[in-house]
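final_19.pdb follows; it contains PDB, C-alpha atoms, pLDDT in the B column.
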```
ATOM      1  CA  GLU A   1      -2.070 -21.639  -0.432  1.00 35.00           C
ATOM      2  CA  ILE A   2       0.777 -21.056   1.931  1.00 41.00           C
ATOM      3  CA  SER A   3      -0.726 -19.820   5.142  1.00 42.00           C
ATOM      4  CA  ALA A   4       1.759 -20.956   7.746  1.00 44.00           C
ATOM      5  CA  CYS A   5       3.799 -18.239   9.399  1.00 48.00           C
ATOM      6  CA  LEU A   6       7.550 -18.186   9.179  1.00 47.00           C
ATOM      7  CA  VAL A   7       9.576 -18.903  12.298  1.00 46.00           C
ATOM      8  CA  GLY A   8       9.827 -16.300  15.058  1.00 43.00           C
ATOM      9  CA  SER A   9       8.797 -12.743  14.281  1.00 41.00           C
ATOM     10  CA  GLU A  10       8.778 -13.259  10.522  1.00 48.00           C
ATOM     11  CA  MET A  11       5.669 -12.111   8.732  1.00 54.00           C
ATOM     12  CA  CYS A  12       3.285 -14.627   7.160  1.00 71.00           C
ATOM     13  CA  ILE A  13       3.859 -15.102   3.459  1.00 77.00           C
ATOM     14  CA  ARG A  14       0.130 -14.572   2.930  1.00 80.00           C
ATOM     15  CA  ASP A  15       0.266 -11.242   4.811  1.00 83.00           C
ATOM     16  CA  ARG A  16       3.181 -10.005   2.728  1.00 84.00           C
ATOM     17  CA  ARG A  17       1.363 -11.002  -0.450  1.00 89.00           C
ATOM     18  CA  GLU A  18      -1.655  -8.960   0.670  1.00 92.00           C
ATOM     19  CA  LEU A  19       0.506  -5.857   1.113  1.00 95.00           C
ATOM     20  CA  GLU A  20       2.214  -6.433  -2.222  1.00 95.00           C
ATOM     21  CA  ASP A  21      -1.112  -6.964  -4.020  1.00 97.00           C
ATOM     22  CA  ILE A  22      -2.420  -3.655  -2.664  1.00 98.00           C
ATOM     23  CA  ASN A  23       0.851  -1.982  -3.665  1.00 97.00           C
ATOM     24  CA  GLU A  24       0.650  -3.394  -7.205  1.00 98.00           C
ATOM     25  CA  GLN A  25      -2.923  -2.141  -7.595  1.00 98.00           C
ATOM     26  CA  LEU A  26      -1.922   1.284  -6.258  1.00 97.00           C
ATOM     27  CA  ARG A  27       0.943   1.590  -8.764  1.00 97.00           C
ATOM     28  CA  LEU A  28      -1.294   0.434 -11.621  1.00 97.00           C
ATOM     29  CA  ASN A  29      -4.014   2.941 -10.733  1.00 96.00           C
ATOM     30  CA  ALA A  30      -1.449   5.727 -10.337  1.00 95.00           C
ATOM     31  CA  SER A  31       0.133   4.935 -13.719  1.00 94.00           C
ATOM     32  CA  ASN A  32      -3.316   5.130 -15.337  1.00 93.00           C
ATOM     33  CA  ASN A  33      -4.047   8.398 -13.520  1.00 91.00           C
ATOM     34  CA  TYR A  34      -6.983   6.826 -11.632  1.00 93.00           C
ATOM     35  CA  ARG A  35      -6.652   9.288  -8.814  1.00 92.00           C
ATOM     36  CA  ASP A  36      -9.548   8.298  -6.571  1.00 92.00           C
ATOM     37  CA  ALA A  37      -8.674   4.607  -6.861  1.00 95.00           C
ATOM     38  CA  THR A  38      -5.008   5.369  -6.127  1.00 96.00           C
ATOM     39  CA  LEU A  39      -5.907   7.240  -2.952  1.00 95.00           C
ATOM     40  CA  ASP A  40      -8.275   4.438  -1.930  1.00 96.00           C
ATOM     41  CA  ASN A  41      -5.441   1.950  -2.405  1.00 97.00           C
ATOM     42  CA  LEU A  42      -3.136   4.090  -0.297  1.00 97.00           C
ATOM     43  CA  LYS A  43      -5.695   4.105   2.538  1.00 97.00           C
ATOM     44  CA  GLU A  44      -6.091   0.338   2.169  1.00 98.00           C
ATOM     45  CA  LEU A  45      -2.306  -0.179   2.243  1.00 98.00           C
ATOM     46  CA  GLU A  46      -1.937   1.959   5.350  1.00 98.00           C
ATOM     47  CA  THR A  47      -4.827   0.184   7.098  1.00 97.00           C
ATOM     48  CA  LYS A  48      -3.387  -3.264   6.344  1.00 96.00           C
ATOM     49  CA  TYR A  49       0.087  -2.120   7.440  1.00 96.00           C
ATOM     50  CA  ARG A  50      -1.260  -0.833  10.761  1.00 97.00           C
ATOM     51  CA  GLU A  51      -3.291  -3.991  11.295  1.00 95.00           C
ATOM     52  CA  LEU A  52      -0.272  -6.231  10.743  1.00 93.00           C
ATOM     53  CA  SER A  53       1.957  -3.985  12.844  1.00 92.00           C
ATOM     54  CA  GLU A  54      -0.468  -4.034  15.764  1.00 93.00           C
ATOM     55  CA  LYS A  55      -0.659  -7.825  15.603  1.00 90.00           C
ATOM     56  CA  GLY A  56       3.146  -8.077  15.610  1.00 87.00           C
ATOM     57  CA  ARG A  57       3.171  -9.689  12.166  1.00 86.00           C
ATOM     58  CA  LEU A  58       5.934  -7.446  10.785  1.00 85.00           C
ATOM     59  CA  ASN A  59       9.542  -7.671  11.827  1.00 85.00           C
ATOM     60  CA  LYS A  60      11.556  -4.475  12.243  1.00 91.00           C
ATOM     61  CA  GLU A  61      12.927  -4.482   8.676  1.00 90.00           C
ATOM     62  CA  GLN A  62       9.503  -5.097   7.130  1.00 89.00           C
ATOM     63  CA  SER A  63       7.876  -2.464   9.322  1.00 92.00           C
ATOM     64  CA  GLU A  64      10.479   0.109   8.290  1.00 95.00           C
ATOM     65  CA  HIS A  65      10.182  -0.857   4.611  1.00 94.00           C
ATOM     66  CA  TYR A  66       6.392  -0.568   4.422  1.00 96.00           C
ATOM     67  CA  GLY A  67       6.304   2.460   6.737  1.00 97.00           C
ATOM     68  CA  LYS A  68       8.721   4.320   4.462  1.00 98.00           C
ATOM     69  CA  MET A  69       6.806   3.183   1.377  1.00 97.00           C
ATOM     70  CA  ILE A  70       3.573   4.617   2.776  1.00 98.00           C
ATOM     71  CA  ASP A  71       5.263   7.886   3.799  1.00 98.00           C
ATOM     72  CA  ASP A  72       6.767   8.196   0.307  1.00 97.00           C
ATOM     73  CA  TYR A  73       3.382   7.573  -1.309  1.00 96.00           C
ATOM     74  CA  LYS A  74       1.740  10.176   0.917  1.00 96.00           C
ATOM     75  CA  ALA A  75       4.305  12.748  -0.209  1.00 95.00           C
ATOM     76  CA  GLU A  76       4.033  11.687  -3.866  1.00 94.00           C
ATOM     77  CA  PHE A  77       0.236  11.775  -3.932  1.00 92.00           C
ATOM     78  CA  LYS A  78      -0.320  14.859  -1.820  1.00 90.00           C
ATOM     79  CA  GLY A  79      -2.970  16.881  -3.649  1.00 85.00           C
ATOM     80  CA  PHE A  80      -3.481  13.979  -6.088  1.00 80.00           C
ATOM     81  CA  THR A  81      -7.173  14.540  -6.767  1.00 74.00           C
ATOM     82  CA  HIS A  82      -9.419  15.131  -9.741  1.00 66.00           C
ATOM     83  CA  LYS A  83     -10.109  18.657  -8.565  1.00 62.00           C
ATOM     84  CA  GLU A  84      -7.088  20.152 -10.341  1.00 56.00           C
ATOM     85  CA  GLN A  85      -7.506  17.942 -13.398  1.00 55.00           C
ATOM     86  CA  LYS A  86      -8.797  19.697 -16.502  1.00 55.00           C
ATOM     87  CA  ALA A  87     -11.295  18.043 -18.803  1.00 53.00           C
ATOM     88  CA  GLY A  88      -9.656  16.813 -21.981  1.00 53.00           C
ATOM     89  CA  TRP A  89     -12.711  16.614 -24.148  1.00 49.00           C
TER
END
```
Let's see the structure in the file written out as structure tokens.
Amino acid sequence: EISACLVGSEMCIRDRRELEDINEQLRLNASNNYRDATLDNLKELETKYRELSEKGRLNKEQSEHYGKMIDDYKAEFKGFTHKEQKAGW
């Protein structure tokens, strides 16, 4: 496992992989219409992003990239709950 941080303000490869793994799971759950799981993943992604940001583990470009990604997801999944879903059986 690569756990060493890149030089300077670069983010750890392991940290980036964590964000990307959460993002992959979020997209998979969204594509399968697993609404609760998708929203849980979004919360998890935002929490991990904030944690890494507060620790200074994201450079400016990475912070902007993931910040925009989270904002876009929030807009996309606004109202994305089972409440408006109709039973199909």
Inset, instruction - Can you give me, as a PyMOL selection string, the residues this file yields under the PyMOL selection byres ((chain A and resi 42-45) around 8)? - result: chain A and resi 19+22-23+26+38-41+46-49+70+73-74
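The two atoms in question, atom CA of A:Arg16 and atom CA of A:Glu54, are spaced 14.8 Å apart.
As for atom CA of A:Asp15 and atom CA of A:Phe80, they are spaced 27.7 Å apart.
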Legend entry - Computed interatomic separation between atom CA of A:Ser63 and atom CA of A:Gly79 (Å): 25.7 Å
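Distance annotation: of A:Cys12, A:Ala37, A:Ala30, A:Ala75, the residue with the minimal separation from A:Asn59 is A:Cys12; atom set is all atoms listed in the file.
The closest residue to A:Lys78, picked from A:Leu52, A:Arg14, A:Arg35, A:Glu61 and counting only C-alpha atoms, is A:Arg35.
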To box stretch 37-46 of chain A, take all atoms listed in the file, fit an axis-aligned box, add 6 Å on each side, and give centre and edge lengths in Å to one decimal, as lines of an AutoDock Vina configuration file.
```
center_x = -5.3
center_y = 3.5
center_z = -0.8
size_x = 18.7
size_y = 19.4
size_z = 24.2
```
Generate the coordinates of all heavy atoms for stretch 70-81 of chain A; report them as a tab-separated table (two decimals), in the coordinates of the input.
```tsv
chain	number	residue	atom	x	y	z
A	70	ILE	N	4.81	3.87	2.58
A	70	ILE	CA	3.57	4.62	2.78
A	70	ILE	C	3.85	6.11	2.91
A	70	ILE	O	3.17	6.93	2.31
A	70	ILE	CB	2.81	4.06	3.99
A	70	ILE	CG1	2.26	2.67	3.65
A	70	ILE	CG2	1.68	5.01	4.41
A	70	ILE	CD1	1.76	1.87	4.83
A	71	ASP	N	4.89	6.47	3.67
A	71	ASP	CA	5.26	7.89	3.80
A	71	ASP	C	5.63	8.48	2.45
A	71	ASP	O	5.24	9.61	2.13
A	71	ASP	CB	6.42	8.05	4.78
A	71	ASP	CG	6.01	7.82	6.22
A	71	ASP	OD1	4.80	7.83	6.51
A	71	ASP	OD2	6.92	7.62	7.05
A	72	ASP	N	6.38	7.73	1.65
A	72	ASP	CA	6.77	8.20	0.31
A	72	ASP	C	5.54	8.39	-0.58
A	72	ASP	O	5.44	9.37	-1.32
A	72	ASP	CB	7.75	7.22	-0.35
A	72	ASP	CG	9.12	7.23	0.28
A	72	ASP	OD1	9.43	8.14	1.10
A	72	ASP	OD2	9.91	6.29	-0.02
A	73	TYR	N	4.61	7.44	-0.52
A	73	TYR	CA	3.38	7.57	-1.31
A	73	TYR	C	2.57	8.79	-0.88
A	73	TYR	O	2.03	9.51	-1.71
A	73	TYR	CB	2.50	6.32	-1.18
A	73	TYR	CG	2.94	5.14	-2.01
A	73	TYR	CD1	2.70	3.85	-1.57
A	73	TYR	CD2	3.57	5.30	-3.24
A	73	TYR	CE1	3.07	2.75	-2.33
A	73	TYR	CE2	3.95	4.22	-4.01
A	73	TYR	CZ	3.69	2.93	-3.55
A	73	TYR	OH	4.06	1.85	-4.30
A	74	LYS	N	2.48	9.02	0.42
A	74	LYS	CA	1.74	10.18	0.92
A	74	LYS	C	2.33	11.47	0.37
A	74	LYS	O	1.60	12.38	-0.02
A	74	LYS	CB	1.73	10.20	2.44
A	74	LYS	CG	0.80	9.20	3.06
A	74	LYS	CD	0.85	9.31	4.58
A	74	LYS	CE	-0.14	8.39	5.24
A	74	LYS	NZ	-0.10	8.50	6.69
A	75	ALA	N	3.65	11.56	0.34
A	75	ALA	CA	4.30	12.75	-0.21
A	75	ALA	C	4.07	12.84	-1.72
A	75	ALA	O	3.76	13.92	-2.25
A	75	ALA	CB	5.80	12.71	0.10
A	76	GLU	N	4.19	11.71	-2.41
A	76	GLU	CA	4.03	11.69	-3.87
A	76	GLU	C	2.61	12.05	-4.29
A	76	GLU	O	2.41	12.75	-5.28
A	76	GLU	CB	4.38	10.28	-4.39
A	76	GLU	CG	4.25	10.13	-5.89
A	76	GLU	CD	4.62	8.74	-6.38
A	76	GLU	OE1	5.16	7.92	-5.59
A	76	GLU	OE2	4.37	8.46	-7.57
A	77	PHE	N	1.62	11.59	-3.53
A	77	PHE	CA	0.24	11.78	-3.93
A	77	PHE	C	-0.47	12.89	-3.17
A	77	PHE	O	-1.70	13.00	-3.23
A	77	PHE	CB	-0.53	10.46	-3.79
A	77	PHE	CG	0.02	9.36	-4.65
A	77	PHE	CD1	0.37	8.14	-4.09
A	77	PHE	CD2	0.22	9.55	-6.00
A	77	PHE	CE1	0.89	7.12	-4.88
A	77	PHE	CE2	0.75	8.55	-6.79
A	77	PHE	CZ	1.08	7.33	-6.23
A	78	LYS	N	0.28	13.72	-2.50
A	78	LYS	CA	-0.32	14.86	-1.82
A	78	LYS	C	-0.99	15.76	-2.87
A	78	LYS	O	-0.37	16.15	-3.85
A	78	LYS	CB	0.74	15.64	-1.05
A	78	LYS	CG	0.19	16.76	-0.22
A	78	LYS	CD	1.26	17.44	0.58
A	78	LYS	CE	0.64	18.52	1.44
A	78	LYS	NZ	1.65	19.17	2.27
A	79	GLY	N	-2.25	16.05	-2.68
A	79	GLY	CA	-2.97	16.88	-3.65
A	79	GLY	C	-3.34	16.13	-4.92
A	79	GLY	O	-3.74	16.73	-5.90
A	80	PHE	N	-3.21	14.82	-4.92
A	80	PHE	CA	-3.48	13.98	-6.09
A	80	PHE	C	-4.98	13.70	-6.15
A	80	PHE	O	-5.47	12.68	-5.72
A	80	PHE	CB	-2.68	12.67	-5.96
A	80	PHE	CG	-2.65	11.81	-7.19
A	80	PHE	CD1	-2.00	12.22	-8.33
A	80	PHE	CD2	-3.23	10.55	-7.17
A	80	PHE	CE1	-1.93	11.40	-9.45
A	80	PHE	CE2	-3.18	9.73	-8.28
A	80	PHE	CZ	-2.52	10.15	-9.42
A	81	THR	N	-5.72	14.68	-6.66
A	81	THR	CA	-7.17	14.54	-6.77
A	81	THR	C	-7.62	14.97	-8.16
A	81	THR	O	-6.84	15.54	-8.93
A	81	THR	CB	-7.90	15.43	-5.74
A	81	THR	OG1	-7.67	16.79	-6.07
A	81	THR	CG2	-7.45	15.14	-4.33
```
